[in-house]
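First the structure, in the form of structure tokens, and then the observations on it.
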Amino acid sequence: INLFADATMDKQFIHIDPEKSAELSPYKVTIAHGFLTLSLIVHLGASIPPKKPEALEGVYMGVNYGLDKVRFPGPVPVNSKIRARHRFMSAELKAPGVIQIKREVTVELDGSDKPVCVAESLMRLMYG
């Protein structure tokens, strides 16, 4: 979290100052930056096996194309464990050999029923 604060120059106390957070933050502990949580969706998603692996045969490259909608409904307290799940939304042929996949990615916090991030992720798969 501190390295992310340094890299992004977002050094708000709720991320890096445990004493001030204990005193002033509604969470009472430091929390991860929302954009740090968002940036982990690619890493977290890599642990989710595809439901139809054969659909990925011939893919030589995947490119993060962006996001349609992102929300951070809950905080990620320091030292928490998170995981992600995906829900397929659509696939669209963008060019010969290029398919855009849209997935809803939900990042969950261990021990909580409330998600910490919900994003509509766009990925372009290049087939060759």
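Here's how to read the names in the structure tokens: chain A, B, ... by the order shown, residue numbers from 1 in each chain, ligand numbers from 1 in the order shown.
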
Inset, instruction - Would you kindly return, as a PyMOL selection string, each protein, DNA or RNA residue with an atom no farther than 9 Å from any atom of A:Arg83, considering only C-alpha atoms and excluding same-chain residues fewer than 3 positions away? - result: chain A and resi 41+44-45+106-110

Selection file, C-alpha atoms, as a short mmCIF file (atom, residue, chain, number, x, y, z; two decimals), in the first residue's frame:
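That gives us result.cif:
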```cif
data_model
loop_
_atom_site.label_atom_id
_atom_site.label_comp_id
_atom_site.auth_asym_id
_atom_site.auth_seq_id
_atom_site.Cartn_x
_atom_site.Cartn_y
_atom_site.Cartn_z
CA ILE A 41 -8.10 -7.67 -11.13
CA LEU A 44 -6.63 -12.14 -9.41
CA GLY A 45 -8.36 -13.17 -12.62
CA THR A 106 -16.26 -8.70 -8.48
CA VAL A 107 -13.47 -8.42 -5.93
CA GLU A 108 -14.46 -9.87 -2.57
CA LEU A 109 -12.96 -9.48 0.87
CA ASP A 110 -12.53 -12.58 3.03
#
```

Legend entry - Residue set, chain A restricted to alpha helix (DSSP H), as a list in words: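 In chain A, DSSP puts these residues in alpha helix (DSSP H): Asn2, Leu3, Phe4, Ala5, Asp6, Ala7, Thr8, Phe13, Ile14, His15, Ile16, Pro18, Glu19, Lys20, Ser21, Ala22, Glu23, Leu24, Gly34, Phe35, Leu36, Thr37, Leu38, Ser39, Ile41, Val42, His43, Leu44 and Gly45 of chain A.
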
Selected residues, C-alpha atoms, written as a PDB file, in the first residue's frame, please.
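again.pdb, written as the output of this step:
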```pdb
ATOM      1  CA  ASN A   2       2.809   2.398   0.866  1.00  0.00           C
ATOM      2  CA  LEU A   3       4.634   1.642  -2.391  1.00  0.00           C
ATOM      3  CA  PHE A   4       1.417   2.289  -4.329  1.00  0.00           C
ATOM      4  CA  ALA A   5       1.017   5.575  -2.446  1.00  0.00           C
ATOM      5  CA  ASP A   6       4.545   6.531  -3.470  1.00  0.00           C
ATOM      6  CA  ALA A   7       4.026   5.502  -7.110  1.00  0.00           C
ATOM      7  CA  THR A   8       0.727   7.376  -7.468  1.00  0.00           C
ATOM      8  CA  PHE A  13      -3.650   9.389   5.648  1.00  0.00           C
ATOM      9  CA  ILE A  14      -6.307   6.663   5.314  1.00  0.00           C
ATOM     10  CA  HIS A  15      -3.771   4.712   3.248  1.00  0.00           C
ATOM     11  CA  ILE A  16      -0.452   5.297   4.986  1.00  0.00           C
ATOM     12  CA  PRO A  18      -2.180   3.910  10.982  1.00  0.00           C
ATOM     13  CA  GLU A  19      -2.293   6.258  13.992  1.00  0.00           C
ATOM     14  CA  LYS A  20      -4.222   9.013  12.234  1.00  0.00           C
ATOM     15  CA  SER A  21      -6.523   6.420  10.634  1.00  0.00           C
ATOM     16  CA  ALA A  22      -7.254   4.895  14.048  1.00  0.00           C
ATOM     17  CA  GLU A  23      -8.228   8.344  15.266  1.00  0.00           C
ATOM     18  CA  LEU A  24     -10.031   9.908  12.286  1.00  0.00           C
ATOM     19  CA  GLY A  34      -9.320   1.760  -4.664  1.00  0.00           C
ATOM     20  CA  PHE A  35      -7.094   1.926  -7.744  1.00  0.00           C
ATOM     21  CA  LEU A  36      -4.690  -0.563  -6.163  1.00  0.00           C
ATOM     22  CA  THR A  37      -7.585  -2.984  -5.733  1.00  0.00           C
ATOM     23  CA  LEU A  38      -8.682  -2.297  -9.310  1.00  0.00           C
ATOM     24  CA  SER A  39      -5.175  -2.870 -10.651  1.00  0.00           C
ATOM     25  CA  ILE A  41      -8.096  -7.666 -11.128  1.00  0.00           C
ATOM     26  CA  VAL A  42      -5.793  -8.969 -13.870  1.00  0.00           C
ATOM     27  CA  HIS A  43      -3.624 -10.801 -11.322  1.00  0.00           C
ATOM     28  CA  LEU A  44      -6.627 -12.137  -9.406  1.00  0.00           C
ATOM     29  CA  GLY A  45      -8.364 -13.169 -12.620  1.00  0.00           C
TER      30      GLY A  45
END
```

Legend entry - Residue neighbourhood A:Arg71, 8 Å, only C-alpha atoms, exclusion window fewer than 4 positions, as a VMD selection string: chain A and resid 117 to 119

Inset, instruction - List the neighbours of stretch 99-105 of chain A out to 7 Å using only C-alpha atoms; skip same-chain residues closer than 2 positions along the sequence, and give me the result as a list in words. - result: Ala84, Arg85, His86, Arg87, Phe88, Met89, Ser90, Ala91, Glu92, Leu93, Lys94, Gly97, Val107, Val118, Ala119, Glu120, Ser121, Leu122, Met123, Arg124, Leu125 and Met126 of chain A

Can I get the selected residues back with N, CA and C atoms, as a compact mmCIF listing (two decimals), in the first residue's frame?
```txt
# COMPACT_ATOMS: atom_id res chain seq x y z
N ALA A 84 -11.24 -12.73 -6.52
CA ALA A 84 -12.12 -12.20 -7.57
C ALA A 84 -12.95 -13.32 -8.17
N ARG A 85 -14.09 -12.92 -8.69
CA ARG A 85 -14.88 -13.83 -9.52
C ARG A 85 -15.33 -13.04 -10.74
N HIS A 86 -15.54 -13.76 -11.82
CA HIS A 86 -15.92 -13.14 -13.09
C HIS A 86 -17.28 -13.64 -13.54
N ARG A 87 -18.00 -12.78 -14.24
CA ARG A 87 -19.24 -13.17 -14.90
C ARG A 87 -19.16 -12.68 -16.34
N PHE A 88 -19.24 -13.60 -17.28
CA PHE A 88 -19.20 -13.25 -18.70
C PHE A 88 -20.42 -12.39 -19.04
N MET A 89 -20.19 -11.31 -19.77
CA MET A 89 -21.28 -10.43 -20.17
C MET A 89 -21.50 -10.45 -21.68
N SER A 90 -20.43 -10.34 -22.47
CA SER A 90 -20.60 -10.33 -23.93
C SER A 90 -19.28 -10.58 -24.63
N ALA A 91 -19.39 -10.92 -25.90
CA ALA A 91 -18.24 -11.05 -26.79
C ALA A 91 -18.63 -10.41 -28.11
N GLU A 92 -17.70 -9.66 -28.68
CA GLU A 92 -18.00 -8.94 -29.92
C GLU A 92 -16.77 -8.98 -30.83
N LEU A 93 -17.00 -9.35 -32.10
CA LEU A 93 -15.93 -9.35 -33.08
C LEU A 93 -15.63 -7.90 -33.45
N LYS A 94 -14.40 -7.45 -33.23
CA LYS A 94 -14.02 -6.06 -33.49
C LYS A 94 -13.28 -5.90 -34.81
N GLY A 97 -9.96 -11.68 -36.41
CA GLY A 97 -9.04 -12.22 -35.41
C GLY A 97 -8.98 -11.46 -34.10
N VAL A 107 -14.54 -8.14 -6.89
CA VAL A 107 -13.47 -8.42 -5.93
C VAL A 107 -14.11 -8.49 -4.56
N VAL A 118 -16.41 -3.67 -7.94
CA VAL A 118 -17.17 -4.30 -9.02
C VAL A 118 -16.86 -3.50 -10.28
N ALA A 119 -16.34 -4.19 -11.31
CA ALA A 119 -15.91 -3.51 -12.53
C ALA A 119 -16.35 -4.30 -13.76
N GLU A 120 -16.72 -3.58 -14.80
CA GLU A 120 -16.97 -4.18 -16.10
C GLU A 120 -15.68 -4.04 -16.90
N SER A 121 -14.99 -5.16 -17.06
CA SER A 121 -13.66 -5.19 -17.68
C SER A 121 -13.77 -5.57 -19.15
N LEU A 122 -13.02 -4.85 -19.98
CA LEU A 122 -12.98 -5.12 -21.42
C LEU A 122 -11.60 -5.66 -21.78
N MET A 123 -11.58 -6.82 -22.43
CA MET A 123 -10.32 -7.46 -22.84
C MET A 123 -10.45 -7.77 -24.32
N ARG A 124 -9.40 -7.45 -25.07
CA ARG A 124 -9.36 -7.82 -26.49
C ARG A 124 -8.42 -8.98 -26.65
N LEU A 125 -8.93 -10.05 -27.26
CA LEU A 125 -8.16 -11.26 -27.53
C LEU A 125 -7.79 -11.28 -29.00
N MET A 126 -6.50 -11.49 -29.27
CA MET A 126 -6.00 -11.54 -30.65
C MET A 126 -5.74 -13.01 -31.01
```
